[in-house]
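**Student:** Contents of upload-v2.cif (mmCIF, C-alpha atoms):
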```cif
data_run
loop_
_atom_site.label_atom_id
_atom_site.label_comp_id
_atom_site.auth_asym_id
_atom_site.auth_seq_id
_atom_site.Cartn_x
_atom_site.Cartn_y
_atom_site.Cartn_z
CA MET B 274 25.88 -1.17 35.79
CA ASN B 275 26.31 -3.45 32.81
CA TYR B 276 29.21 -5.88 32.60
CA PRO B 277 30.77 -7.36 29.48
CA SER B 278 30.46 -10.81 31.01
CA LYS B 279 27.46 -12.33 32.78
CA LEU B 280 29.81 -14.33 35.01
CA ILE B 281 31.41 -11.11 36.24
CA GLY B 282 28.03 -9.48 36.72
CA ASP B 283 26.82 -12.44 38.79
CA ALA B 284 29.94 -12.41 40.95
CA VAL B 285 29.60 -8.65 41.53
CA ALA B 286 25.95 -9.15 42.51
CA GLU B 287 26.97 -11.80 45.05
CA PHE B 288 29.64 -9.61 46.67
CA LYS B 289 27.19 -6.69 46.74
CA LYS B 290 24.92 -8.67 49.06
CA LEU B 291 27.58 -8.59 51.78
CA PRO B 292 27.24 -5.81 54.39
CA GLY B 293 29.18 -2.62 53.65
CA ILE B 294 30.11 -3.64 50.11
CA GLY B 295 28.79 -1.50 47.26
CA GLU B 296 28.95 -2.02 43.51
CA LYS B 297 32.37 -0.41 42.96
CA THR B 298 33.99 -2.34 45.81
CA ALA B 299 32.34 -5.57 44.63
CA LEU B 300 33.77 -5.04 41.14
CA ARG B 301 37.21 -4.35 42.61
CA LEU B 302 37.09 -7.61 44.58
CA VAL B 303 35.91 -9.60 41.56
CA LEU B 304 38.62 -8.19 39.28
CA HIS B 305 41.16 -8.93 42.01
CA LEU B 306 40.03 -12.57 42.20
CA LEU B 307 40.05 -12.78 38.40
CA LYS B 308 43.77 -11.96 38.47
CA GLN B 309 44.57 -14.67 41.04
CA ASP B 310 45.52 -18.28 40.31
CA SER B 311 42.57 -20.58 39.69
CA ALA B 312 43.61 -22.76 42.64
CA LYS B 313 43.57 -19.79 45.03
CA VAL B 314 40.08 -18.74 44.02
CA GLU B 315 38.92 -22.36 44.20
CA ASN B 316 40.29 -22.48 47.73
CA PHE B 317 38.62 -19.17 48.69
CA SER B 318 35.31 -20.46 47.45
CA SER B 319 35.53 -23.86 49.13
CA VAL B 320 36.68 -22.45 52.49
CA ILE B 321 33.61 -20.18 52.59
CA ALA B 322 31.24 -23.01 51.67
CA THR B 323 32.81 -25.39 54.20
CA MET B 324 32.67 -22.70 56.90
CA ARG B 325 28.90 -22.34 56.43
CA SER B 326 28.09 -26.04 56.11
CA GLN B 327 30.34 -27.42 58.86
CA THR B 328 30.43 -24.78 61.58
CA LYS B 329 28.42 -26.00 64.55
CA PHE B 330 27.05 -24.22 67.57
CA CYS B 331 27.98 -25.36 71.07
CA ILE B 332 24.99 -27.14 72.68
CA THR B 333 25.83 -25.59 76.07
CA CYS B 334 26.70 -21.94 75.34
CA HIS B 335 25.71 -21.48 71.62
CA ASN B 336 29.19 -20.30 70.74
CA ILE B 337 30.52 -21.28 67.30
CA SER B 338 32.51 -24.46 67.36
CA ASP B 339 34.02 -27.16 65.19
CA ASN B 340 32.36 -29.78 67.43
CA THR B 341 29.12 -30.07 69.37
CA THR B 342 30.85 -28.62 72.43
CA CYS B 343 32.98 -25.49 71.96
CA SER B 344 36.61 -25.21 72.98
CA VAL B 345 35.72 -23.05 76.00
CA CYS B 346 33.09 -25.41 77.43
CA ALA B 347 35.27 -28.47 76.67
CA ASN B 348 38.28 -27.00 78.49
CA PRO B 349 38.49 -28.50 82.03
CA MET B 350 40.62 -25.54 83.17
CA ARG B 351 37.82 -23.03 82.59
CA ASP B 352 35.71 -22.01 85.59
CA LYS B 353 32.24 -23.44 84.91
CA GLY B 354 30.93 -21.48 87.91
CA SER B 355 31.15 -18.21 86.00
CA VAL B 356 28.94 -17.51 82.96
CA CYS B 357 29.47 -14.36 80.88
CA ILE B 358 26.32 -13.37 78.95
CA VAL B 359 26.95 -11.82 75.54
CA GLU B 360 24.83 -10.78 72.58
CA THR B 361 26.74 -12.50 69.75
CA ILE B 362 29.79 -14.60 68.96
CA ARG B 363 31.65 -11.39 68.16
CA GLU B 364 31.81 -10.46 71.86
CA VAL B 365 33.06 -13.96 72.75
CA ILE B 366 35.93 -13.49 70.30
CA ALA B 367 36.67 -9.99 71.63
CA ILE B 368 36.69 -11.07 75.30
CA GLU B 369 38.68 -14.25 74.55
CA ASN B 370 41.35 -12.14 72.85
CA THR B 371 41.85 -10.04 76.00
CA GLY B 372 43.05 -13.24 77.71
CA VAL B 373 41.83 -12.16 81.17
CA TYR B 374 38.61 -14.17 81.47
CA ASN B 375 38.74 -17.77 82.63
CA GLY B 376 35.03 -18.57 82.90
CA THR B 377 32.48 -19.70 80.30
CA TYR B 378 30.06 -17.84 78.03
CA HIS B 379 26.42 -17.86 77.06
CA VAL B 380 25.57 -16.39 73.65
CA LEU B 381 22.02 -14.97 73.62
CA ASN B 382 22.04 -14.48 69.84
CA GLY B 383 20.41 -11.05 70.05
CA LEU B 384 18.79 -8.69 72.55
CA ILE B 385 15.20 -8.33 73.68
CA SER B 386 13.78 -5.59 71.48
CA PRO B 387 10.04 -4.87 71.68
CA LEU B 388 10.38 -2.30 68.87
CA ASN B 389 11.89 -4.87 66.50
CA GLY B 390 9.55 -7.62 67.69
CA ILE B 391 12.27 -9.67 69.35
CA THR B 392 10.85 -11.39 72.42
CA PRO B 393 12.73 -13.36 75.12
CA ASP B 394 11.63 -16.73 73.70
CA GLN B 395 13.54 -16.01 70.48
CA LEU B 396 16.79 -15.76 72.43
CA ASN B 397 18.84 -18.46 74.17
CA ILE B 398 17.45 -17.57 77.60
CA ASP B 399 15.68 -20.84 78.48
CA SER B 400 18.91 -22.78 77.96
CA LEU B 401 20.66 -20.28 80.28
CA ILE B 402 18.11 -20.89 83.02
CA SER B 403 18.38 -24.68 82.78
CA ARG B 404 22.15 -24.37 82.66
CA ILE B 405 22.14 -22.40 85.93
CA ARG B 406 19.75 -24.94 87.46
CA GLU B 407 21.72 -28.01 86.39
CA GLN B 408 25.32 -26.86 86.69
CA GLU B 409 26.97 -25.18 89.63
CA VAL B 410 26.83 -21.62 88.31
CA LYS B 411 27.83 -19.10 90.97
CA GLU B 412 28.11 -15.88 88.98
CA VAL B 413 26.40 -14.45 85.91
CA ILE B 414 28.30 -11.57 84.27
CA MET B 415 26.25 -9.26 82.06
CA ALA B 416 28.43 -8.16 79.15
CA LEU B 417 25.75 -6.49 76.99
CA SER B 418 25.80 -3.15 75.18
CA PRO B 419 24.52 -0.20 77.26
CA THR B 420 21.57 0.47 74.94
CA ILE B 421 17.83 0.38 75.65
CA ASP B 422 17.65 -3.17 74.29
CA GLY B 423 20.73 -4.18 76.28
CA ASP B 424 19.33 -2.75 79.51
CA THR B 425 15.94 -4.39 78.87
CA THR B 426 17.64 -7.74 78.38
CA ILE B 427 19.80 -7.33 81.50
CA PHE B 428 16.69 -6.44 83.52
CA TYR B 429 14.71 -9.42 82.16
CA ILE B 430 17.48 -11.95 82.75
CA SER B 431 18.34 -10.64 86.22
CA LYS B 432 14.67 -10.98 87.24
CA LYS B 433 14.63 -14.58 85.98
CA VAL B 434 17.96 -15.48 87.57
CA GLN B 435 17.57 -13.75 90.95
CA SER B 436 15.59 -16.56 92.56
CA LEU B 437 18.21 -19.15 91.54
CA GLY B 438 20.74 -17.82 94.05
CA VAL B 439 23.51 -16.75 91.71
CA GLN B 440 25.44 -13.52 91.93
CA ILE B 441 24.69 -11.08 89.09
CA THR B 442 27.47 -8.71 88.01
CA SER B 443 28.03 -6.40 85.06
CA ILE B 444 31.22 -5.48 83.22
CA ALA B 445 32.62 -2.18 84.55
CA ARG B 446 31.44 1.00 82.84
CA GLY B 447 33.62 4.10 82.91
CA ILE B 448 36.24 6.07 81.04
CA SER B 449 38.25 3.83 78.72
CA PHE B 450 42.00 3.60 79.21
CA GLY B 451 43.42 6.21 76.87
CA GLY B 452 40.11 8.10 76.87
CA GLU B 453 40.30 11.82 77.48
CA LEU B 454 38.11 13.11 80.32
CA GLU B 455 37.38 16.29 78.41
CA TYR B 456 35.76 14.46 75.48
CA THR B 457 33.85 11.86 77.50
CA ASP B 458 30.07 12.15 77.44
CA GLU B 459 28.44 13.55 80.60
CA LEU B 460 26.60 10.37 81.55
CA THR B 461 29.73 8.21 81.48
CA LEU B 462 31.83 10.83 83.27
CA GLY B 463 29.14 11.41 85.90
CA ARG B 464 28.64 7.68 86.50
CA SER B 465 32.37 7.04 86.59
CA ILE B 466 32.68 9.46 89.51
CA ALA B 467 29.63 8.07 91.29
CA THR B 468 30.90 4.48 90.91
CA ARG B 469 34.55 5.28 91.60
CA MET B 470 36.70 2.35 92.66
CA PRO B 471 39.54 1.84 95.15
CA TYR B 472 42.90 2.84 93.74
CA GLU B 473 44.22 -0.71 94.40
CA SER B 474 41.74 -2.30 92.00
CA TYR B 475 42.76 0.26 89.37
CA LEU B 476 46.37 -0.87 89.76
CA VAL B 477 45.42 -4.53 89.45
CA LYS B 478 43.69 -3.82 86.15
CA ASN B 479 46.81 -2.28 84.74
CA MET O 288 43.18 -12.84 66.68
CA ASN O 289 42.08 -16.26 67.85
CA TYR O 290 38.75 -17.72 66.81
CA PRO O 291 36.73 -20.35 68.66
CA SER O 292 36.43 -22.33 65.43
CA LYS O 293 39.16 -23.16 62.93
CA LEU O 294 36.61 -23.02 60.11
CA ILE O 295 35.78 -19.43 61.01
CA GLY O 296 39.46 -18.53 61.33
CA ASP O 297 40.16 -19.98 57.88
CA ALA O 298 37.27 -18.10 56.29
CA VAL O 299 38.40 -14.83 57.93
CA ALA O 300 41.93 -15.43 56.60
CA GLU O 301 40.56 -15.90 53.08
CA PHE O 302 38.51 -12.68 53.16
CA LYS O 303 41.50 -10.80 54.60
CA LYS O 304 43.44 -11.56 51.43
CA LEU O 305 41.05 -9.38 49.41
CA PRO O 306 42.14 -5.78 48.83
CA GLY O 307 40.84 -3.23 51.33
CA ILE O 308 39.49 -5.86 53.74
CA GLY O 309 41.04 -6.04 57.20
CA GLU O 310 40.52 -8.54 59.98
CA LYS O 311 37.48 -6.87 61.57
CA THR O 312 35.68 -6.46 58.24
CA ALA O 313 36.56 -10.03 57.30
CA LEU O 314 35.03 -11.30 60.54
CA ARG O 315 31.92 -9.21 59.95
CA LEU O 316 31.50 -10.73 56.47
CA VAL O 317 32.06 -14.26 57.76
CA LEU O 318 29.54 -13.87 60.60
CA HIS O 319 27.08 -12.40 58.10
CA LEU O 320 27.46 -15.43 55.82
CA LEU O 321 27.14 -17.74 58.83
CA LYS O 322 23.68 -16.30 59.48
CA GLN O 323 22.50 -16.83 55.88
CA ASP O 324 20.80 -19.95 54.49
CA SER O 325 23.19 -22.74 53.52
CA ALA O 326 21.90 -22.60 49.94
CA LYS O 327 22.70 -18.89 49.65
CA VAL O 328 26.28 -19.33 50.85
CA GLU O 329 26.68 -22.34 48.58
CA ASN O 330 25.54 -20.16 45.70
CA PHE O 331 27.90 -17.31 46.67
CA SER O 332 30.78 -19.73 46.76
CA SER O 333 30.00 -21.45 43.45
CA VAL O 334 29.37 -18.19 41.56
CA ILE O 335 32.84 -16.94 42.59
CA ALA O 336 34.52 -20.20 41.59
CA THR O 337 32.66 -20.35 38.25
CA MET O 338 33.52 -16.71 37.55
CA ARG O 339 37.24 -17.45 37.89
CA SER O 340 37.26 -20.74 36.02
CA GLN O 341 34.94 -19.84 33.15
CA THR O 342 35.56 -16.16 32.39
CA LYS O 343 37.48 -15.88 29.14
CA PHE O 344 39.35 -13.03 27.56
CA CYS O 345 38.42 -11.80 24.10
CA ILE O 346 41.07 -12.93 21.57
CA THR O 347 40.78 -9.60 19.73
CA CYS O 348 40.64 -6.92 22.42
CA HIS O 349 41.48 -8.84 25.67
CA ASN O 350 38.25 -7.66 27.29
CA ILE O 351 36.55 -10.14 29.67
CA SER O 352 33.97 -12.24 27.97
CA ASP O 353 31.79 -15.32 28.34
CA ASN O 354 33.04 -16.51 24.93
CA THR O 355 36.27 -16.31 22.94
CA THR O 356 35.03 -13.05 21.36
CA CYS O 357 33.57 -10.40 23.64
CA SER O 358 30.13 -8.87 23.20
CA VAL O 359 31.63 -5.61 21.86
CA CYS O 360 33.80 -7.25 19.19
CA ALA O 361 31.01 -9.67 18.25
CA ASN O 362 28.47 -6.88 17.76
CA PRO O 363 28.16 -6.04 14.02
CA MET O 364 26.74 -2.60 14.88
CA ARG O 365 29.98 -1.47 16.57
CA ASP O 366 32.42 0.59 14.52
CA LYS O 367 35.48 -1.63 14.05
CA GLY O 368 37.36 1.35 12.57
CA SER O 369 37.67 2.94 16.01
CA VAL O 370 39.80 1.36 18.77
CA CYS O 371 39.82 2.83 22.27
CA ILE O 372 42.97 1.91 24.18
CA VAL O 373 42.47 1.37 27.92
CA GLU O 374 44.57 0.12 30.81
CA THR O 375 42.19 -2.45 32.32
CA ILE O 376 38.74 -3.98 32.01
CA ARG O 377 37.55 -1.48 34.58
CA GLU O 378 37.78 1.38 32.06
CA VAL O 379 35.89 -0.68 29.47
CA ILE O 380 33.05 -1.10 31.94
CA ALA O 381 33.14 2.61 32.86
CA ILE O 382 33.10 3.80 29.21
CA GLU O 383 30.46 1.24 28.20
CA ASN O 384 28.20 2.50 30.95
CA THR O 385 28.30 6.06 29.56
CA GLY O 386 26.57 4.69 26.45
CA VAL O 387 28.19 7.25 24.10
CA TYR O 388 30.96 5.16 22.51
CA ASN O 389 30.15 2.95 19.54
CA GLY O 390 33.64 1.70 18.62
CA THR O 391 35.73 -1.17 19.97
CA TYR O 392 38.36 -1.45 22.73
CA HIS O 393 41.84 -2.74 23.26
CA VAL O 394 42.77 -3.65 26.85
CA LEU O 395 46.54 -3.23 27.43
CA ASN O 396 46.39 -4.96 30.82
CA GLY O 397 48.70 -2.41 32.43
CA LEU O 398 50.89 0.56 31.58
CA ILE O 399 54.55 0.75 30.61
CA SER O 400 56.39 1.44 33.86
CA PRO O 401 60.20 1.37 33.84
CA LEU O 402 60.21 1.94 37.62
CA ASN O 403 58.08 -1.15 38.23
CA GLY O 404 59.88 -3.16 35.57
CA ILE O 405 56.88 -3.34 33.23
CA THR O 406 58.10 -3.30 29.65
CA PRO O 407 56.02 -2.99 26.44
CA ASP O 408 56.34 -6.72 25.67
CA GLN O 409 54.41 -7.56 28.86
CA LEU O 410 51.40 -5.60 27.61
CA ASN O 411 48.95 -6.36 24.80
CA ILE O 412 50.70 -4.01 22.35
CA ASP O 413 51.79 -6.50 19.69
CA SER O 414 48.22 -7.70 19.27
CA LEU O 415 47.17 -4.05 18.86
CA ILE O 416 49.68 -3.49 16.06
CA SER O 417 48.64 -6.64 14.17
CA ARG O 418 45.01 -5.67 14.69
CA ILE O 419 45.63 -2.27 13.10
CA ARG O 420 47.51 -3.94 10.24
CA GLU O 421 44.91 -6.61 9.54
CA GLN O 422 41.65 -4.80 10.21
CA GLU O 423 40.57 -1.45 8.81
CA VAL O 424 41.32 0.63 11.89
CA LYS O 425 41.02 4.35 11.16
CA GLU O 426 41.28 5.87 14.63
CA VAL O 427 43.07 4.95 17.84
CA ILE O 428 41.72 6.73 20.94
CA MET O 429 44.07 6.93 23.92
CA ALA O 430 41.99 6.63 27.10
CA LEU O 431 44.81 6.22 29.63
CA SER O 432 45.35 7.91 32.98
CA PRO O 433 47.32 11.18 32.83
CA THR O 434 50.22 9.83 34.92
CA ILE O 435 53.88 9.40 34.02
CA ASP O 436 53.27 5.74 33.15
CA GLY O 437 50.18 6.66 31.15
CA ASP O 438 52.03 9.34 29.19
CA THR O 439 54.97 6.97 28.56
CA THR O 440 52.57 4.35 27.21
CA ILE O 441 50.74 6.87 25.01
CA PHE O 442 54.09 8.09 23.63
CA TYR O 443 55.32 4.53 22.94
CA ILE O 444 52.12 3.39 21.24
CA SER O 445 51.77 6.56 19.16
CA LYS O 446 55.35 6.11 17.86
CA LYS O 447 54.55 2.51 16.90
CA VAL O 448 51.23 3.36 15.33
CA GLN O 449 52.16 6.55 13.46
CA SER O 450 53.59 4.79 10.41
CA LEU O 451 50.46 2.68 10.01
CA GLY O 452 48.39 5.63 8.84
CA VAL O 453 45.77 5.76 11.60
CA GLN O 454 44.53 8.88 13.34
CA ILE O 455 45.61 9.11 16.98
CA THR O 456 43.33 10.96 19.39
CA SER O 457 43.10 11.28 23.16
CA ILE O 458 40.05 11.61 25.38
CA ALA O 459 39.42 15.28 26.24
CA ARG O 460 41.12 16.64 29.34
CA GLY O 461 39.62 19.62 31.13
CA ILE O 462 37.34 20.71 33.94
CA SER O 463 34.80 18.00 34.75
CA PHE O 464 31.11 18.84 34.46
CA GLY O 465 30.11 19.89 37.94
CA GLY O 466 33.71 20.78 38.79
CA GLU O 467 34.32 24.19 40.29
CA LEU O 468 36.88 26.36 38.50
CA GLU O 469 38.12 27.74 41.81
CA TYR O 470 39.18 24.32 43.11
CA THR O 471 40.65 22.95 39.88
CA ASP O 472 44.41 22.40 39.83
CA GLU O 473 46.44 24.97 37.89
CA LEU O 474 47.67 22.56 35.22
CA THR O 475 44.17 21.38 34.29
CA LEU O 476 42.75 24.91 34.38
CA GLY O 477 45.64 26.31 32.32
CA ARG O 478 45.42 23.53 29.75
CA SER O 479 41.64 23.80 29.58
CA ILE O 480 42.00 27.45 28.50
CA ALA O 481 44.82 26.69 26.05
CA THR O 482 42.84 23.83 24.47
CA ARG O 483 39.48 25.60 24.55
CA MET O 484 36.88 24.23 22.18
CA PRO O 485 34.17 25.77 20.01
CA TYR O 486 30.99 26.47 21.94
CA GLU O 487 29.04 24.26 19.48
CA SER O 488 31.01 21.14 20.44
CA TYR O 489 30.32 21.91 24.11
CA LEU O 490 26.61 21.97 23.37
CA VAL O 491 26.80 18.65 21.52
CA LYS O 492 28.45 17.01 24.52
CA ASN O 493 25.65 18.12 26.76
#
```
Take the structure in the file and write it out as structure tokens.
**Tutor:**
Amino acid sequence: MNYPSKLIGDAVAEFKKLPGIGEKTALRLVLHLLKQDSAKVENFSSVIATMRSQTKFCITCHNISDNTTCSVCANPMRDKGSVCIVETIREVIAIENTGVYNGTYHVLNGLISPLNGITPDQLNIDSLISRIREQEVKEVIMALSPTIDGDTTIFYISKKVQSLGVQITSIARGISFGGELEYTDELTLGRSIATRMPYESYLVKN
Amino acid sequence: MNYPSKLIGDAVAEFKKLPGIGEKTALRLVLHLLKQDSAKVENFSSVIATMRSQTKFCITCHNISDNTTCSVCANPMRDKGSVCIVETIREVIAIENTGVYNGTYHVLNGLISPLNGITPDQLNIDSLISRIREQEVKEVIMALSPTIDGDTTIFYISKKVQSLGVQITSIARGISFGGELEYTDELTLGRSIATRMPYESYLVKN
């Protein structure tokens, strides 16, 4: 598409680079910003730049943070004996927003994926091992996606961690609350019967 | 939602202000930018800010422009005798990209809408009238949406313009190329039969 102004064309091209944003949406966003006060757009632009340049990653768990240690690791009330292993920061945010977990995290920053050429040394696995060795970690919770890559990563980490004497658990798999049995895939339904849990623990979760 | 970093939370809040972008999408965009090179994000941010601060509006037709006169009005090859009236810059871009129109534009920057309190004096109508008076405008093409507001605006402008001795036309309404007769609404189909055109003009348009 051609634009009557190079400035507009450049801005559309920048928005188009973002995931899930095509040319028409990019133009809509640009024309929206063009209608806003100069100060608001200036603020938008500077907040984004500051976010990229000043966001740090926690030296312990690799979570995003405003300081060198993230708010979870710095919190003395959090149980340092429990480490929840997640793929990205997104899962940290999701789990934190449930408000039920009081332990710490470890962000792998990806999953082992032989097909995509991602090997264990590209992930934050070494720092996990030294963390378990140095701190008093009692439990490692695997909170990874149930995909081939996720299962490969769980298998690799559990092999590495086993000898260190920590308990390895996984988040519960089963029918989601509000999920209809009828429409659940066979694997999940089958496994949810095989790994059925005492009625009391079901009540606690509610 | 709570975010482990205030910087991330602020950036998400900024993206959320854009039309059609919710919290989850905003977070996805922010985490995407966080993974990019600093220089790239810096560039994204500065292009947006420059776009807002430096984009000008053409003094003649109110189209966006890098200068005080837009590329259409500044082009000596364009037919200044023909003025196409559109609601926003978006329609200018759309018509320009068809490559079939060789005249000029006039961006109203909205439509007359009594229900939304938008009166003719809030739109670029006065500048249109003086343009017709001062320049040799022979034809005014109404390219507005066929809504109540669009029809009101067309009616108002045509009343104002009639006495100035210019020809008033409207873009053709009918079945779109590729549109199926069966699924066309009754009004469009009925009008397209009533306002049928010579077969020769159909061929020309192809």
**Student:** Using only C-alpha atoms for the distances, tell me which of O:Ile428, O:Ile416, O:Ile308, O:Val387 is nearest to Cys371 (chain O).
**Tutor:**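 Answer, going by the shortest atom-to-atom distance: O:Ile428.
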**Student:** For this structure, which residues satisfy the selection - the PyMOL selection byres ((chain B) within 8 of (chain O)) - when it is evaluated on the file as given? I want them as a ChimeraX atom specification.
**Tutor:** /B:274-281,283-284,287-288,291-292,302,305-307,311,314-315,317-328,336-339,343-345,366,369-370
**Student:** Which one is closest to Phe442 (chain O): O:Gln422, O:Thr456, O:Ser479, O:His393? Count only C-alpha atoms.
**Tutor:**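 For Phe442 (chain O), the nearest of the given residues is O:Thr456.
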**Student:** Name the closest residue to Gly390 (chain B) among the candidates B:Ile430, B:Asp458, B:Asp422, B:Ile441; distances are taken between atoms, counting only C-alpha atoms.
**Tutor:** B:Asp422
**Student:** When the PyMOL selection byres ((chain O and resi 423) around 12) is applied to the file above, which residues end up in the set, as a list in words?
**Tutor:**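 This file gives the following for the PyMOL selection byres ((chain O and resi 423) around 12): Asp366, Lys367, Gly368, Ser369, Val370, Ile416, Ser417, Arg418, Ile419, Arg420, Glu421, Gln422, Val424, Lys425, Glu426, Val427, Leu451, Gly452, Val453 and Gln454 of chain O.
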**Student:** Restricting it to C-alpha atoms, dump the selection as an mmCIF file, in the frame of the given file.
**Tutor:**
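Output file out26.cif follows:
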```cif
data_model
loop_
_atom_site.group_PDB
_atom_site.id
_atom_site.type_symbol
_atom_site.label_atom_id
_atom_site.label_comp_id
_atom_site.auth_asym_id
_atom_site.auth_seq_id
_atom_site.Cartn_x
_atom_site.Cartn_y
_atom_site.Cartn_z
ATOM 1 C CA ASP O 366 32.420 0.590 14.520
ATOM 2 C CA LYS O 367 35.480 -1.630 14.050
ATOM 3 C CA GLY O 368 37.360 1.350 12.570
ATOM 4 C CA SER O 369 37.670 2.940 16.010
ATOM 5 C CA VAL O 370 39.800 1.360 18.770
ATOM 6 C CA ILE O 416 49.680 -3.490 16.060
ATOM 7 C CA SER O 417 48.640 -6.640 14.170
ATOM 8 C CA ARG O 418 45.010 -5.670 14.690
ATOM 9 C CA ILE O 419 45.630 -2.270 13.100
ATOM 10 C CA ARG O 420 47.510 -3.940 10.240
ATOM 11 C CA GLU O 421 44.910 -6.610 9.540
ATOM 12 C CA GLN O 422 41.650 -4.800 10.210
ATOM 13 C CA VAL O 424 41.320 0.630 11.890
ATOM 14 C CA LYS O 425 41.020 4.350 11.160
ATOM 15 C CA GLU O 426 41.280 5.870 14.630
ATOM 16 C CA VAL O 427 43.070 4.950 17.840
ATOM 17 C CA LEU O 451 50.460 2.680 10.010
ATOM 18 C CA GLY O 452 48.390 5.630 8.840
ATOM 19 C CA VAL O 453 45.770 5.760 11.600
ATOM 20 C CA GLN O 454 44.530 8.880 13.340
#
```
**Student:** Please measure the separation of CA of Gly383 (chain B) and CA of Ile444 (chain B), giving the value in Å to one decimal.
**Tutor:** 17.9 Å
**Student:** Quick one: which residues end up in the PyMOL selection byres ((chain O and resi 347) around 8) for this structure, as a list of chain:residue names?
**Tutor:**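 This file gives the following for the PyMOL selection byres ((chain O and resi 347) around 8): O:Cys345, O:Ile346, O:Cys348, O:His349, O:Thr356, O:Cys360, O:His393, O:Ser414, O:Arg418.
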**Student:** Measure the distance from CA of Asn362 (chain O) to CA of Ala430 (chain O) in Å and round it to one decimal.
**Tutor:**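 If I compute the distance from CA of Asn362 (chain O) to CA of Ala430 (chain O), I get 21.3 Å.
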**Student:** How many Å lie between CA of Thr440 (chain O) and CA of Ser400 (chain O), rounded to one decimal?
**Tutor:**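 Result for CA of Thr440 (chain O) versus CA of Ser400 (chain O): 8.2 Å, one decimal.
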**Student:** Taking all atoms of region 357-373 of chain B that appear in the file, build a box with edges along x, y and z, extend it by 6 Å on every side, and state its centre and edge lengths in Å to one decimal, as JSON.
**Tutor:**
```
{"center_x": 33.9, "center_y": -12.3, "center_z": 74.7, "size_x": 30.2, "size_y": 16.6, "size_z": 25.0}
```
**Student:** With 8 Å as the threshold, what does the neighbourhood of (46.4, 14.4, 31.3) contain in terms of residues, counting all atoms listed in the file? Coordinates are those of the file; answer as a PyMOL selection string.
**Tutor:** chain O and resi 432-434+438+460+475
**Student:** Under the rule that all atoms listed in the file are counted, which of O:Glu374, O:Glu310, O:Glu473, O:Asp413 is the nearest residue to Leu431 (chain O)?
**Tutor:**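 Selected residue with least distance to Leu431 (chain O): O:Glu374.
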